[in-house]
Every structure is written in structure tokens, then in C-alpha cells.
$ cat final.txt   # compact mmCIF, N, CA and C atoms
# COMPACT_ATOMS: atom_id res chain seq x y z
N MET Z 122 -78.22 -112.97 159.78
CA MET Z 122 -78.17 -111.53 159.94
C MET Z 122 -79.40 -111.07 160.72
N GLN Z 123 -79.21 -110.13 161.62
CA GLN Z 123 -80.28 -109.61 162.46
C GLN Z 123 -81.26 -108.77 161.62
N GLN Z 124 -82.53 -109.08 161.76
CA GLN Z 124 -83.57 -108.31 161.08
C GLN Z 124 -84.19 -107.35 162.09
N ILE Z 125 -84.49 -106.13 161.65
CA ILE Z 125 -84.97 -105.08 162.54
C ILE Z 125 -86.30 -104.53 162.03
N HIS Z 126 -87.22 -104.30 162.97
CA HIS Z 126 -88.50 -103.66 162.67
C HIS Z 126 -88.51 -102.32 163.40
N ILE Z 127 -88.65 -101.24 162.65
CA ILE Z 127 -88.68 -99.89 163.22
C ILE Z 127 -90.09 -99.31 163.06
N LEU Z 128 -90.58 -98.72 164.14
CA LEU Z 128 -91.82 -97.94 164.07
C LEU Z 128 -91.42 -96.47 164.03
N LEU Z 129 -91.78 -95.78 162.97
CA LEU Z 129 -91.52 -94.36 162.79
C LEU Z 129 -92.82 -93.61 163.05
N VAL Z 130 -92.84 -92.75 164.06
CA VAL Z 130 -94.04 -92.00 164.41
C VAL Z 130 -93.76 -90.53 164.14
N ASP Z 131 -94.36 -90.01 163.06
CA ASP Z 131 -94.11 -88.64 162.63
C ASP Z 131 -95.27 -88.20 161.75
N ASP Z 132 -95.67 -86.95 161.87
CA ASP Z 132 -96.78 -86.45 161.05
C ASP Z 132 -96.29 -85.66 159.83
N ASN Z 133 -94.99 -85.47 159.70
CA ASN Z 133 -94.43 -84.69 158.59
C ASN Z 133 -94.05 -85.65 157.46
N GLU Z 134 -94.80 -85.60 156.36
CA GLU Z 134 -94.56 -86.52 155.23
C GLU Z 134 -93.14 -86.40 154.68
N GLY Z 135 -92.60 -85.18 154.65
CA GLY Z 135 -91.24 -84.99 154.17
C GLY Z 135 -90.23 -85.69 155.06
N ASP Z 136 -90.40 -85.57 156.37
CA ASP Z 136 -89.48 -86.23 157.31
C ASP Z 136 -89.63 -87.75 157.25
N ILE Z 137 -90.85 -88.23 157.05
CA ILE Z 137 -91.06 -89.68 156.91
C ILE Z 137 -90.30 -90.17 155.68
N PHE Z 138 -90.46 -89.47 154.56
CA PHE Z 138 -89.78 -89.86 153.33
C PHE Z 138 -88.27 -89.85 153.50
N LEU Z 139 -87.75 -88.75 154.07
CA LEU Z 139 -86.29 -88.63 154.24
C LEU Z 139 -85.74 -89.69 155.20
N THR Z 140 -86.46 -89.97 156.27
CA THR Z 140 -86.01 -90.97 157.22
C THR Z 140 -85.97 -92.34 156.56
N LYS Z 141 -87.02 -92.68 155.85
CA LYS Z 141 -87.04 -93.96 155.14
C LYS Z 141 -85.93 -94.03 154.10
N GLU Z 142 -85.71 -92.92 153.40
CA GLU Z 142 -84.66 -92.87 152.39
C GLU Z 142 -83.28 -93.09 153.03
N ALA Z 143 -83.03 -92.43 154.16
CA ALA Z 143 -81.75 -92.57 154.83
C ALA Z 143 -81.54 -93.99 155.35
N LEU Z 144 -82.62 -94.65 155.74
CA LEU Z 144 -82.52 -96.02 156.26
C LEU Z 144 -82.56 -97.08 155.16
N SER Z 145 -82.84 -96.68 153.92
CA SER Z 145 -83.03 -97.65 152.85
C SER Z 145 -81.77 -98.42 152.50
N ASP Z 146 -80.61 -97.87 152.79
CA ASP Z 146 -79.36 -98.55 152.48
C ASP Z 146 -79.03 -99.65 153.49
N ALA Z 147 -79.66 -99.62 154.64
CA ALA Z 147 -79.38 -100.61 155.67
C ALA Z 147 -79.84 -101.98 155.19
N GLN Z 148 -78.95 -102.95 155.28
CA GLN Z 148 -79.25 -104.28 154.78
C GLN Z 148 -79.97 -105.14 155.81
N PHE Z 149 -80.10 -104.66 157.04
CA PHE Z 149 -80.68 -105.50 158.08
C PHE Z 149 -82.02 -104.99 158.58
N ILE Z 150 -82.49 -103.87 158.04
CA ILE Z 150 -83.83 -103.39 158.41
C ILE Z 150 -84.80 -104.04 157.44
N ASN Z 151 -85.67 -104.90 157.97
CA ASN Z 151 -86.58 -105.57 157.06
C ASN Z 151 -87.97 -104.96 157.06
N LYS Z 152 -88.24 -104.04 158.01
CA LYS Z 152 -89.57 -103.45 158.04
C LYS Z 152 -89.53 -102.09 158.73
N ILE Z 153 -90.13 -101.10 158.09
CA ILE Z 153 -90.34 -99.79 158.70
C ILE Z 153 -91.84 -99.52 158.64
N SER Z 154 -92.45 -99.49 159.81
CA SER Z 154 -93.87 -99.16 159.91
C SER Z 154 -93.98 -97.69 160.27
N THR Z 155 -95.07 -97.05 159.87
CA THR Z 155 -95.25 -95.64 160.19
C THR Z 155 -96.61 -95.40 160.85
N ALA Z 156 -96.62 -94.44 161.73
CA ALA Z 156 -97.84 -93.91 162.33
C ALA Z 156 -97.74 -92.40 162.23
N ARG Z 157 -98.82 -91.75 161.89
CA ARG Z 157 -98.78 -90.30 161.63
C ARG Z 157 -99.36 -89.45 162.75
N ASP Z 158 -99.79 -90.10 163.82
CA ASP Z 158 -100.22 -89.36 165.01
C ASP Z 158 -100.09 -90.29 166.22
N GLY Z 159 -100.24 -89.71 167.41
CA GLY Z 159 -100.04 -90.48 168.63
C GLY Z 159 -101.07 -91.58 168.83
N VAL Z 160 -102.31 -91.30 168.48
CA VAL Z 160 -103.37 -92.30 168.64
C VAL Z 160 -103.11 -93.49 167.71
N GLU Z 161 -102.70 -93.20 166.49
CA GLU Z 161 -102.38 -94.27 165.53
C GLU Z 161 -101.20 -95.10 166.04
N ALA Z 162 -100.21 -94.46 166.62
CA ALA Z 162 -99.04 -95.17 167.15
C ALA Z 162 -99.44 -96.14 168.25
N ILE Z 163 -100.24 -95.69 169.21
CA ILE Z 163 -100.68 -96.56 170.30
C ILE Z 163 -101.55 -97.69 169.75
N GLY Z 164 -102.43 -97.38 168.82
CA GLY Z 164 -103.25 -98.41 168.19
C GLY Z 164 -102.40 -99.46 167.48
N PHE Z 165 -101.38 -99.00 166.77
CA PHE Z 165 -100.47 -99.92 166.08
C PHE Z 165 -99.79 -100.84 167.09
N LEU Z 166 -99.27 -100.27 168.18
CA LEU Z 166 -98.57 -101.08 169.18
C LEU Z 166 -99.51 -102.08 169.86
N LYS Z 167 -100.74 -101.68 170.14
CA LYS Z 167 -101.72 -102.60 170.73
C LYS Z 167 -102.04 -103.73 169.76
N ASP Z 168 -102.16 -103.40 168.47
CA ASP Z 168 -102.38 -104.44 167.46
C ASP Z 168 -101.20 -105.41 167.41
N CYS Z 169 -99.99 -104.87 167.53
CA CYS Z 169 -98.79 -105.71 167.56
C CYS Z 169 -98.85 -106.69 168.73
N LEU Z 170 -99.21 -106.20 169.89
CA LEU Z 170 -99.30 -107.06 171.07
C LEU Z 170 -100.34 -108.15 170.89
N ARG Z 171 -101.47 -107.82 170.26
CA ARG Z 171 -102.51 -108.83 170.01
C ARG Z 171 -102.03 -109.87 168.99
N SER Z 172 -101.16 -109.45 168.07
CA SER Z 172 -100.64 -110.36 167.04
C SER Z 172 -99.54 -111.26 167.58
N GLY Z 173 -98.96 -110.90 168.70
CA GLY Z 173 -97.89 -111.69 169.30
C GLY Z 173 -96.57 -110.95 169.26
N PRO Z 174 -95.61 -111.43 170.05
CA PRO Z 174 -94.34 -110.71 170.21
C PRO Z 174 -93.56 -110.50 168.91
N ARG Z 175 -93.75 -111.37 167.93
CA ARG Z 175 -93.00 -111.22 166.67
C ARG Z 175 -93.37 -109.96 165.91
N ALA Z 176 -94.54 -109.41 166.15
CA ALA Z 176 -95.01 -108.23 165.43
C ALA Z 176 -94.51 -106.93 166.06
N THR Z 177 -94.04 -106.99 167.29
CA THR Z 177 -93.64 -105.79 168.03
C THR Z 177 -92.37 -105.20 167.42
N PRO Z 178 -92.33 -103.86 167.25
CA PRO Z 178 -91.10 -103.25 166.70
C PRO Z 178 -89.92 -103.39 167.66
N ASP Z 179 -88.73 -103.37 167.08
CA ASP Z 179 -87.49 -103.46 167.85
C ASP Z 179 -87.02 -102.09 168.32
N LEU Z 180 -87.45 -101.04 167.62
CA LEU Z 180 -86.99 -99.68 167.88
C LEU Z 180 -88.08 -98.72 167.45
N ILE Z 181 -88.26 -97.63 168.21
CA ILE Z 181 -89.27 -96.63 167.87
C ILE Z 181 -88.59 -95.27 167.72
N LEU Z 182 -88.85 -94.61 166.59
CA LEU Z 182 -88.43 -93.23 166.36
C LEU Z 182 -89.68 -92.38 166.53
N LEU Z 183 -89.70 -91.50 167.53
CA LEU Z 183 -90.92 -90.82 167.94
C LEU Z 183 -90.75 -89.31 167.94
N ASP Z 184 -91.62 -88.63 167.20
CA ASP Z 184 -91.67 -87.17 167.20
C ASP Z 184 -92.47 -86.70 168.41
N ILE Z 185 -92.21 -85.50 168.88
CA ILE Z 185 -92.99 -84.96 170.01
C ILE Z 185 -94.25 -84.27 169.53
N ASN Z 186 -94.12 -83.45 168.50
CA ASN Z 186 -95.24 -82.62 168.03
C ASN Z 186 -96.12 -83.42 167.09
N LEU Z 187 -97.07 -84.14 167.68
CA LEU Z 187 -97.97 -84.99 166.91
C LEU Z 187 -99.42 -84.56 167.12
N PRO Z 188 -100.27 -84.75 166.12
CA PRO Z 188 -101.69 -84.49 166.33
C PRO Z 188 -102.33 -85.60 167.18
N LYS Z 189 -103.46 -85.29 167.76
CA LYS Z 189 -104.31 -86.19 168.54
C LYS Z 189 -103.73 -86.57 169.90
N MET Z 190 -102.46 -86.94 169.96
CA MET Z 190 -101.77 -87.27 171.21
C MET Z 190 -100.29 -87.00 170.98
N ASP Z 191 -99.70 -86.13 171.81
CA ASP Z 191 -98.30 -85.78 171.54
C ASP Z 191 -97.35 -86.91 171.90
N GLY Z 192 -96.12 -86.79 171.42
CA GLY Z 192 -95.13 -87.83 171.59
C GLY Z 192 -94.78 -88.13 173.03
N THR Z 193 -94.83 -87.12 173.89
CA THR Z 193 -94.54 -87.36 175.30
C THR Z 193 -95.59 -88.27 175.93
N GLU Z 194 -96.86 -88.07 175.55
CA GLU Z 194 -97.92 -88.95 176.04
C GLU Z 194 -97.75 -90.36 175.50
N VAL Z 195 -97.40 -90.48 174.23
CA VAL Z 195 -97.16 -91.79 173.62
C VAL Z 195 -96.02 -92.49 174.37
N LEU Z 196 -94.94 -91.75 174.60
CA LEU Z 196 -93.79 -92.31 175.32
C LEU Z 196 -94.20 -92.80 176.70
N SER Z 197 -94.97 -92.01 177.41
CA SER Z 197 -95.42 -92.38 178.75
C SER Z 197 -96.22 -93.68 178.73
N ILE Z 198 -97.09 -93.83 177.74
CA ILE Z 198 -97.89 -95.05 177.62
C ILE Z 198 -96.98 -96.25 177.32
N ILE Z 199 -96.05 -96.07 176.39
CA ILE Z 199 -95.13 -97.16 176.03
C ILE Z 199 -94.33 -97.60 177.24
N LYS Z 200 -93.75 -96.64 177.95
CA LYS Z 200 -92.84 -96.98 179.04
C LYS Z 200 -93.56 -97.44 180.31
N SER Z 201 -94.88 -97.28 180.35
CA SER Z 201 -95.63 -97.79 181.51
C SER Z 201 -96.28 -99.14 181.21
N ASP Z 202 -96.14 -99.62 179.99
CA ASP Z 202 -96.70 -100.92 179.60
C ASP Z 202 -95.63 -102.00 179.74
N PRO Z 203 -95.87 -103.02 180.56
CA PRO Z 203 -94.85 -104.05 180.78
C PRO Z 203 -94.43 -104.80 179.52
N ASP Z 204 -95.31 -104.85 178.51
CA ASP Z 204 -94.98 -105.56 177.28
C ASP Z 204 -94.28 -104.68 176.24
N LEU Z 205 -94.28 -103.36 176.45
CA LEU Z 205 -93.67 -102.43 175.49
C LEU Z 205 -92.46 -101.70 176.03
N LYS Z 206 -92.34 -101.59 177.34
CA LYS Z 206 -91.35 -100.70 177.94
C LYS Z 206 -89.90 -101.03 177.59
N ARG Z 207 -89.62 -102.24 177.20
CA ARG Z 207 -88.23 -102.59 176.86
C ARG Z 207 -87.82 -102.13 175.46
N ILE Z 208 -88.79 -101.71 174.65
CA ILE Z 208 -88.46 -101.24 173.29
C ILE Z 208 -87.77 -99.88 173.40
N PRO Z 209 -86.57 -99.74 172.86
CA PRO Z 209 -85.90 -98.43 172.89
C PRO Z 209 -86.69 -97.39 172.09
N VAL Z 210 -86.85 -96.22 172.69
CA VAL Z 210 -87.57 -95.12 172.03
C VAL Z 210 -86.61 -93.94 171.87
N ILE Z 211 -86.42 -93.54 170.63
CA ILE Z 211 -85.58 -92.40 170.31
C ILE Z 211 -86.51 -91.24 169.97
N MET Z 212 -86.41 -90.18 170.74
CA MET Z 212 -87.19 -88.98 170.43
C MET Z 212 -86.45 -88.26 169.30
N LEU Z 213 -87.09 -88.13 168.16
CA LEU Z 213 -86.51 -87.48 166.98
C LEU Z 213 -87.47 -86.38 166.58
N THR Z 214 -87.13 -85.14 166.94
CA THR Z 214 -88.10 -84.06 166.86
C THR Z 214 -87.43 -82.73 166.52
N THR Z 215 -88.22 -81.77 166.08
CA THR Z 215 -87.69 -80.44 165.80
C THR Z 215 -87.56 -79.61 167.07
N SER Z 216 -88.21 -80.02 168.13
CA SER Z 216 -88.20 -79.25 169.37
C SER Z 216 -86.86 -79.34 170.09
N SER Z 217 -86.35 -78.18 170.45
CA SER Z 217 -85.15 -78.14 171.29
C SER Z 217 -85.49 -77.51 172.64
N ALA Z 218 -86.79 -77.44 172.95
CA ALA Z 218 -87.24 -76.85 174.20
C ALA Z 218 -86.82 -77.71 175.39
N GLU Z 219 -86.25 -77.08 176.38
CA GLU Z 219 -85.78 -77.80 177.56
C GLU Z 219 -86.90 -78.59 178.23
N LYS Z 220 -88.12 -78.05 178.24
CA LYS Z 220 -89.25 -78.75 178.86
C LYS Z 220 -89.55 -80.06 178.12
N ASP Z 221 -89.40 -80.09 176.80
CA ASP Z 221 -89.63 -81.31 176.03
C ASP Z 221 -88.52 -82.34 176.28
N ILE Z 222 -87.29 -81.85 176.35
CA ILE Z 222 -86.16 -82.75 176.62
C ILE Z 222 -86.33 -83.38 178.00
N LEU Z 223 -86.62 -82.55 179.00
CA LEU Z 223 -86.80 -83.03 180.36
C LEU Z 223 -87.97 -84.01 180.45
N ALA Z 224 -89.11 -83.66 179.85
CA ALA Z 224 -90.28 -84.55 179.88
C ALA Z 224 -89.99 -85.89 179.21
N SER Z 225 -89.21 -85.86 178.15
CA SER Z 225 -88.86 -87.10 177.45
C SER Z 225 -88.02 -88.02 178.34
N TYR Z 226 -87.00 -87.46 178.95
CA TYR Z 226 -86.16 -88.29 179.81
C TYR Z 226 -86.89 -88.71 181.09
N GLU Z 227 -87.78 -87.86 181.60
CA GLU Z 227 -88.57 -88.24 182.78
C GLU Z 227 -89.50 -89.40 182.46
N ASN Z 228 -89.87 -89.54 181.18
CA ASN Z 228 -90.71 -90.65 180.75
C ASN Z 228 -89.88 -91.78 180.13
N TYR Z 229 -88.59 -91.79 180.42
CA TYR Z 229 -87.69 -92.89 180.07
C TYR Z 229 -87.37 -93.03 178.59
N ALA Z 230 -87.30 -91.91 177.88
CA ALA Z 230 -86.79 -91.96 176.50
C ALA Z 230 -85.36 -92.48 176.56
N ASN Z 231 -84.97 -93.23 175.55
CA ASN Z 231 -83.61 -93.75 175.51
C ASN Z 231 -82.62 -92.72 175.00
N CYS Z 232 -83.09 -91.78 174.19
CA CYS Z 232 -82.28 -90.63 173.81
C CYS Z 232 -83.17 -89.59 173.15
N TYR Z 233 -82.64 -88.39 173.04
CA TYR Z 233 -83.39 -87.25 172.50
C TYR Z 233 -82.51 -86.59 171.45
N ILE Z 234 -83.02 -86.52 170.23
CA ILE Z 234 -82.27 -85.94 169.12
C ILE Z 234 -83.13 -84.86 168.46
N THR Z 235 -82.55 -83.68 168.30
CA THR Z 235 -83.24 -82.60 167.59
C THR Z 235 -82.94 -82.73 166.10
N LYS Z 236 -84.01 -82.75 165.30
CA LYS Z 236 -83.85 -82.87 163.84
C LYS Z 236 -83.20 -81.61 163.30
N PRO Z 237 -82.13 -81.76 162.55
CA PRO Z 237 -81.56 -80.59 161.88
C PRO Z 237 -82.47 -80.11 160.75
N VAL Z 238 -82.46 -78.83 160.48
CA VAL Z 238 -83.26 -78.26 159.40
C VAL Z 238 -82.61 -78.55 158.05
N ASP Z 239 -81.30 -78.55 158.01
CA ASP Z 239 -80.53 -78.79 156.79
C ASP Z 239 -80.72 -80.25 156.33
N LEU Z 240 -81.03 -80.44 155.05
CA LEU Z 240 -81.31 -81.76 154.49
C LEU Z 240 -80.15 -82.74 154.68
N SER Z 241 -78.94 -82.34 154.32
CA SER Z 241 -77.81 -83.27 154.43
C SER Z 241 -77.51 -83.62 155.88
N ARG Z 242 -77.67 -82.66 156.79
CA ARG Z 242 -77.47 -82.94 158.22
C ARG Z 242 -78.55 -83.89 158.75
N PHE Z 243 -79.79 -83.70 158.28
CA PHE Z 243 -80.88 -84.59 158.67
C PHE Z 243 -80.55 -86.02 158.26
N MET Z 244 -80.12 -86.20 157.02
CA MET Z 244 -79.77 -87.53 156.53
C MET Z 244 -78.61 -88.12 157.35
N ASP Z 245 -77.63 -87.28 157.69
CA ASP Z 245 -76.51 -87.73 158.52
C ASP Z 245 -76.98 -88.19 159.89
N VAL Z 246 -77.91 -87.45 160.48
CA VAL Z 246 -78.42 -87.81 161.81
C VAL Z 246 -79.13 -89.16 161.75
N VAL Z 247 -79.96 -89.37 160.75
CA VAL Z 247 -80.68 -90.65 160.65
C VAL Z 247 -79.69 -91.79 160.42
N ARG Z 248 -78.69 -91.57 159.61
CA ARG Z 248 -77.68 -92.62 159.38
C ARG Z 248 -76.87 -92.89 160.65
N THR Z 249 -76.64 -91.86 161.45
CA THR Z 249 -75.94 -92.05 162.73
C THR Z 249 -76.81 -92.86 163.69
N ILE Z 250 -78.11 -92.58 163.71
CA ILE Z 250 -79.03 -93.37 164.52
C ILE Z 250 -78.95 -94.84 164.08
N GLU Z 251 -79.02 -95.04 162.77
CA GLU Z 251 -78.93 -96.39 162.22
C GLU Z 251 -77.62 -97.06 162.64
N ASN Z 252 -76.53 -96.36 162.48
CA ASN Z 252 -75.23 -96.93 162.79
C ASN Z 252 -75.13 -97.31 164.27
N PHE Z 253 -75.53 -96.41 165.15
CA PHE Z 253 -75.42 -96.68 166.58
C PHE Z 253 -76.46 -97.68 167.06
N TRP Z 254 -77.73 -97.39 166.83
CA TRP Z 254 -78.80 -98.19 167.43
C TRP Z 254 -79.02 -99.53 166.75
N ILE Z 255 -78.55 -99.68 165.53
CA ILE Z 255 -78.79 -100.94 164.84
C ILE Z 255 -77.50 -101.72 164.63
N SER Z 256 -76.41 -101.04 164.31
CA SER Z 256 -75.15 -101.73 164.06
C SER Z 256 -74.35 -102.00 165.32
N ILE Z 257 -74.42 -101.09 166.30
CA ILE Z 257 -73.57 -101.19 167.49
C ILE Z 257 -74.32 -101.73 168.70
N VAL Z 258 -75.47 -101.15 168.99
CA VAL Z 258 -76.23 -101.50 170.20
C VAL Z 258 -76.86 -102.89 170.05
N LYS Z 259 -76.86 -103.63 171.11
CA LYS Z 259 -77.56 -104.93 171.15
C LYS Z 259 -78.98 -104.65 171.62
N LEU Z 260 -79.95 -104.81 170.74
CA LEU Z 260 -81.35 -104.57 171.06
C LEU Z 260 -81.94 -105.78 171.78
N PRO Z 261 -82.91 -105.54 172.68
CA PRO Z 261 -83.53 -106.67 173.38
C PRO Z 261 -84.34 -107.52 172.40
N LYS Z 262 -84.39 -108.79 172.68
CA LYS Z 262 -85.21 -109.68 171.86
C LYS Z 262 -86.64 -109.55 172.33
N THR Z 263 -87.47 -108.95 171.48
CA THR Z 263 -88.89 -108.83 171.81
C THR Z 263 -89.65 -110.00 171.20
N HIS Z 264 -88.95 -110.81 170.43
CA HIS Z 264 -89.59 -111.93 169.72
C HIS Z 264 -89.31 -113.23 170.44
N ALA Z 265 -89.82 -113.37 171.63
CA ALA Z 265 -89.56 -114.57 172.44
C ALA Z 265 -90.12 -115.81 171.79

$ encode --input "final.txt" --output "C-alpha cells"
Amino acid sequence: MQQIHILLVDDNEGDIFLTKEALSDAQFINKISTARDGVEAIGFLKDCLRSGPRATPDLILLDINLPKMDGTEVLSIIKSDPDLKRIPVIMLTTSSAEKDILASYENYANCYITKPVDLSRFMDVVRTIENFWISIVKLPKTHA
């Protein structure tokens, strides 16, 4: 069975909890790492690269509105790094601003999802991400 490592980058503790809760039923996710700001996310990814390809996440869920370094900057760094750019990045954010959507796709986000405010809809969205990006999509092997 395929094992998946997800990096969740979000500064909202409630959203982190709910996302982890929604993903907890998945039988093939073996690790969910979290970063609570953009600087921490980049530091985590650099540490992964130093540890070797097996440590690198298979999928990144990235919020835009982050302290220290916003998600668009994080995305730009990820997608400009030859060792990280193949990791799919899903922008999962409360922002529905056209400028944020455009900036995300200009920096090669794999998709952009606006977080619903309603709890049950939020859980549905995370489960849909899980179903599509983990059950259906073939993720690149970052563990050479």
C-alpha cells in the first residue's frame, strides 16, 4: 500500500486540527507534518532535503495568509527549487481574492481551494482533497 507524507502549512490551530481530523481516516497517510508559518515551512523542507529524498513530503497543503513569509512566497521558493518543484502544492486558504488566485497559479500551484467557513463543508473539502490527490492521482516518487 502506498504511504503518503503530507506537509500542512497553516497558522490556524483550528484548521490544523480539523484537517488532521479529516485525514485521520485515510489508511495510507503515514505522516502529517505541520509548519505554522512560511519560514518554518521552508526550514522544514530544507531539513528534509539534507536528510535525503525519503524525508521529503509527497504533497503540500499551503495557506496563503501566513506570518513571517506568506504562502505565495513559500510557493515561489518551492517551485523554483529543482529538488522540491515536483511536489504538488495545493493552496488551501480562506482567501478568495483574485490576486491571490492569480499569484498562486503564476507560481505553479497545482490547485487553489478556498476553505469553507462551515465546519461540515470544510471537512468535506479536505476529504475530497484526500480522495482526489491521494486515492486517484499518481504522485511523483520523491523517494528515489

$ residues_around --input "final.txt" --residues "Ile150 of chain Z" --least-positions-apart "2" --cutoff "12 Å" --atoms "only C-alpha atoms" --output "list in words"
Met122, Gln123, Gln124, Ile125, His126, Ile127, Leu128, Lys141, Ala143, Leu144, Ser145, Asp146, Ala147, Gln148, Lys152, Ile153, Ser154, Pro178, Asp179, Leu180, Glu251, Asn252, Trp254, Ile255 and Ser256 of chain Z

$ write_last_selection --input "final.txt" --atoms "N, CA and C atoms" --output "CSV table (one decimal), in the frame of the given file"
chain,number,residue,atom,x,y,z
Z,122,MET,N,-78.2,-113.0,159.8
Z,122,MET,CA,-78.2,-111.5,159.9
Z,122,MET,C,-79.4,-111.1,160.7
Z,123,GLN,N,-79.2,-110.1,161.6
Z,123,GLN,CA,-80.3,-109.6,162.5
Z,123,GLN,C,-81.3,-108.8,161.6
Z,124,GLN,N,-82.5,-109.1,161.8
Z,124,GLN,CA,-83.6,-108.3,161.1
Z,124,GLN,C,-84.2,-107.4,162.1
Z,125,ILE,N,-84.5,-106.1,161.6
Z,125,ILE,CA,-85.0,-105.1,162.5
Z,125,ILE,C,-86.3,-104.5,162.0
Z,126,HIS,N,-87.2,-104.3,163.0
Z,126,HIS,CA,-88.5,-103.7,162.7
Z,126,HIS,C,-88.5,-102.3,163.4
Z,127,ILE,N,-88.6,-101.2,162.6
Z,127,ILE,CA,-88.7,-99.9,163.2
Z,127,ILE,C,-90.1,-99.3,163.1
Z,128,LEU,N,-90.6,-98.7,164.1
Z,128,LEU,CA,-91.8,-97.9,164.1
Z,128,LEU,C,-91.4,-96.5,164.0
Z,141,LYS,N,-87.0,-92.7,155.8
Z,141,LYS,CA,-87.0,-94.0,155.1
Z,141,LYS,C,-85.9,-94.0,154.1
Z,143,ALA,N,-83.0,-92.4,154.2
Z,143,ALA,CA,-81.8,-92.6,154.8
Z,143,ALA,C,-81.5,-94.0,155.4
Z,144,LEU,N,-82.6,-94.6,155.7
Z,144,LEU,CA,-82.5,-96.0,156.3
Z,144,LEU,C,-82.6,-97.1,155.2
Z,145,SER,N,-82.8,-96.7,153.9
Z,145,SER,CA,-83.0,-97.6,152.8
Z,145,SER,C,-81.8,-98.4,152.5
Z,146,ASP,N,-80.6,-97.9,152.8
Z,146,ASP,CA,-79.4,-98.6,152.5
Z,146,ASP,C,-79.0,-99.6,153.5
Z,147,ALA,N,-79.7,-99.6,154.6
Z,147,ALA,CA,-79.4,-100.6,155.7
Z,147,ALA,C,-79.8,-102.0,155.2
Z,148,GLN,N,-79.0,-103.0,155.3
Z,148,GLN,CA,-79.2,-104.3,154.8
Z,148,GLN,C,-80.0,-105.1,155.8
Z,152,LYS,N,-88.2,-104.0,158.0
Z,152,LYS,CA,-89.6,-103.4,158.0
Z,152,LYS,C,-89.5,-102.1,158.7
Z,153,ILE,N,-90.1,-101.1,158.1
Z,153,ILE,CA,-90.3,-99.8,158.7
Z,153,ILE,C,-91.8,-99.5,158.6
Z,154,SER,N,-92.4,-99.5,159.8
Z,154,SER,CA,-93.9,-99.2,159.9
Z,154,SER,C,-94.0,-97.7,160.3
Z,178,PRO,N,-92.3,-103.9,167.2
Z,178,PRO,CA,-91.1,-103.2,166.7
Z,178,PRO,C,-89.9,-103.4,167.7
Z,179,ASP,N,-88.7,-103.4,167.1
Z,179,ASP,CA,-87.5,-103.5,167.8
Z,179,ASP,C,-87.0,-102.1,168.3
Z,180,LEU,N,-87.4,-101.0,167.6
Z,180,LEU,CA,-87.0,-99.7,167.9
Z,180,LEU,C,-88.1,-98.7,167.4
Z,251,GLU,N,-79.0,-95.0,162.8
Z,251,GLU,CA,-78.9,-96.4,162.2
Z,251,GLU,C,-77.6,-97.1,162.6
Z,252,ASN,N,-76.5,-96.4,162.5
Z,252,ASN,CA,-75.2,-96.9,162.8
Z,252,ASN,C,-75.1,-97.3,164.3
Z,254,TRP,N,-77.7,-97.4,166.8
Z,254,TRP,CA,-78.8,-98.2,167.4
Z,254,TRP,C,-79.0,-99.5,166.8
Z,255,ILE,N,-78.6,-99.7,165.5
Z,255,ILE,CA,-78.8,-100.9,164.8
Z,255,ILE,C,-77.5,-101.7,164.6
Z,256,SER,N,-76.4,-101.0,164.3
Z,256,SER,CA,-75.2,-101.7,164.1
Z,256,SER,C,-74.4,-102.0,165.3

$ closest_residue --input "final.txt" --among "Z:Asp158, Z:Ile163, Z:Thr214, Z:Lys206" --to "Lys189 of chain Z" --atoms "only N, CA and C atoms"
Z:Asp158

$ select_by_dssp --input "final.txt" --residues "chain Z" --states "strand (DSSP E or B)" --output "VMD selection string"
chain Z and resid 125 to 130 150 to 156 180 to 183 210 to 214 232 to 235

$ atom_distance --input "final.txt" --atom1 "atom CA of Ala156 of chain Z" --atom2 "atom CA of Val130 of chain Z"
4.7 Å

$ closest_residue --input "final.txt" --among "Z:Ile257, Z:Ile185, Z:Ala230, Z:Ile199" --to "Thr215 of chain Z" --atoms "only N, CA and C atoms"
Z:Ile185

$ residues_around --input "final.txt" --residues "Thr193 of chain Z" --least-positions-apart "6" --cutoff "6.5 Å" --atoms "all atoms listed in the file" --output "list in words"
Asp184, Ile185, Ala224 and Ser225 of chain Z

$ residues_around --input "final.txt" --residues "Glu134 of chain Z" --least-positions-apart "5" --cutoff "10 Å" --atoms "only C-alpha atoms" --output "mmCIF file with N, CA and C atoms, in the coordinates of the input"
data_model
loop_
_atom_site.group_PDB
_atom_site.id
_atom_site.type_symbol
_atom_site.label_atom_id
_atom_site.label_comp_id
_atom_site.auth_asym_id
_atom_site.auth_seq_id
_atom_site.Cartn_x
_atom_site.Cartn_y
_atom_site.Cartn_z
ATOM 1 N N LEU Z 139 -87.750 -88.750 154.070
ATOM 2 C CA LEU Z 139 -86.290 -88.630 154.240
ATOM 3 C C LEU Z 139 -85.740 -89.690 155.200
ATOM 4 N N THR Z 140 -86.460 -89.970 156.270
ATOM 5 C CA THR Z 140 -86.010 -90.970 157.220
ATOM 6 C C THR Z 140 -85.970 -92.340 156.560
ATOM 7 N N ARG Z 157 -98.820 -91.750 161.890
ATOM 8 C CA ARG Z 157 -98.780 -90.300 161.630
ATOM 9 C C ARG Z 157 -99.360 -89.450 162.750
#

$ atom_distance --input "final.txt" --atom1 "atom CA of Phe138 of chain Z" --atom2 "atom C of Asp245 of chain Z"
14.5 Å

$ atom_distance --input "final.txt" --atom1 "atom CA of Leu260 of chain Z" --atom2 "atom CA of Lys220 of chain Z"
28.1 Å

$ closest_residue --input "final.txt" --among "Z:Arg175, Z:Pro188, Z:Val195, Z:Asn231" --to "Ala162 of chain Z" --atoms "only C-alpha atoms"
Z:Val195

$ axis_aligned_box --input "final.txt" --around "segment 220-236 of chain Z" --padding-each-side "6 Å" --output "lines of an AutoDock Vina configuration file"
center_x = -86.5
center_y = -85.9
center_z = 173.0
size_x = 20.4
size_y = 27.7
size_z = 31.5

$ select_by_dssp --input "final.txt" --residues "chain Z" --states "helix (DSSP H, G or I)" --output "PyMOL selection string"
chain Z and resi 134-144+159-172+174-176+192-201+219-227+240-257

$ residues_around --input "final.txt" --residues "Tyr229 of chain Z" --least-positions-apart "6" --cutoff "7 Å" --atoms "only N, CA and C atoms" --output "VMD selection string"
chain Z and resid 196 200 210

$ residues_near_point --input "final.txt" --point "(-94.7, -85.9, 162.4)" --cutoff "6 Å" --atoms "only C-alpha atoms" --output "PyMOL selection string"
chain Z and resi 131-133+184+187

$ closest_residue --input "final.txt" --among "Z:Lys259, Z:Leu240, Z:Val247, Z:Ile181" --to "Ile208 of chain Z" --atoms "all atoms listed in the file"
Z:Ile181

$ closest_residue --input "final.txt" --among "Z:Ser216, Z:Ser201, Z:Ser172, Z:Asn151" --to "Val238 of chain Z" --atoms "only C-alpha atoms"
Z:Ser216
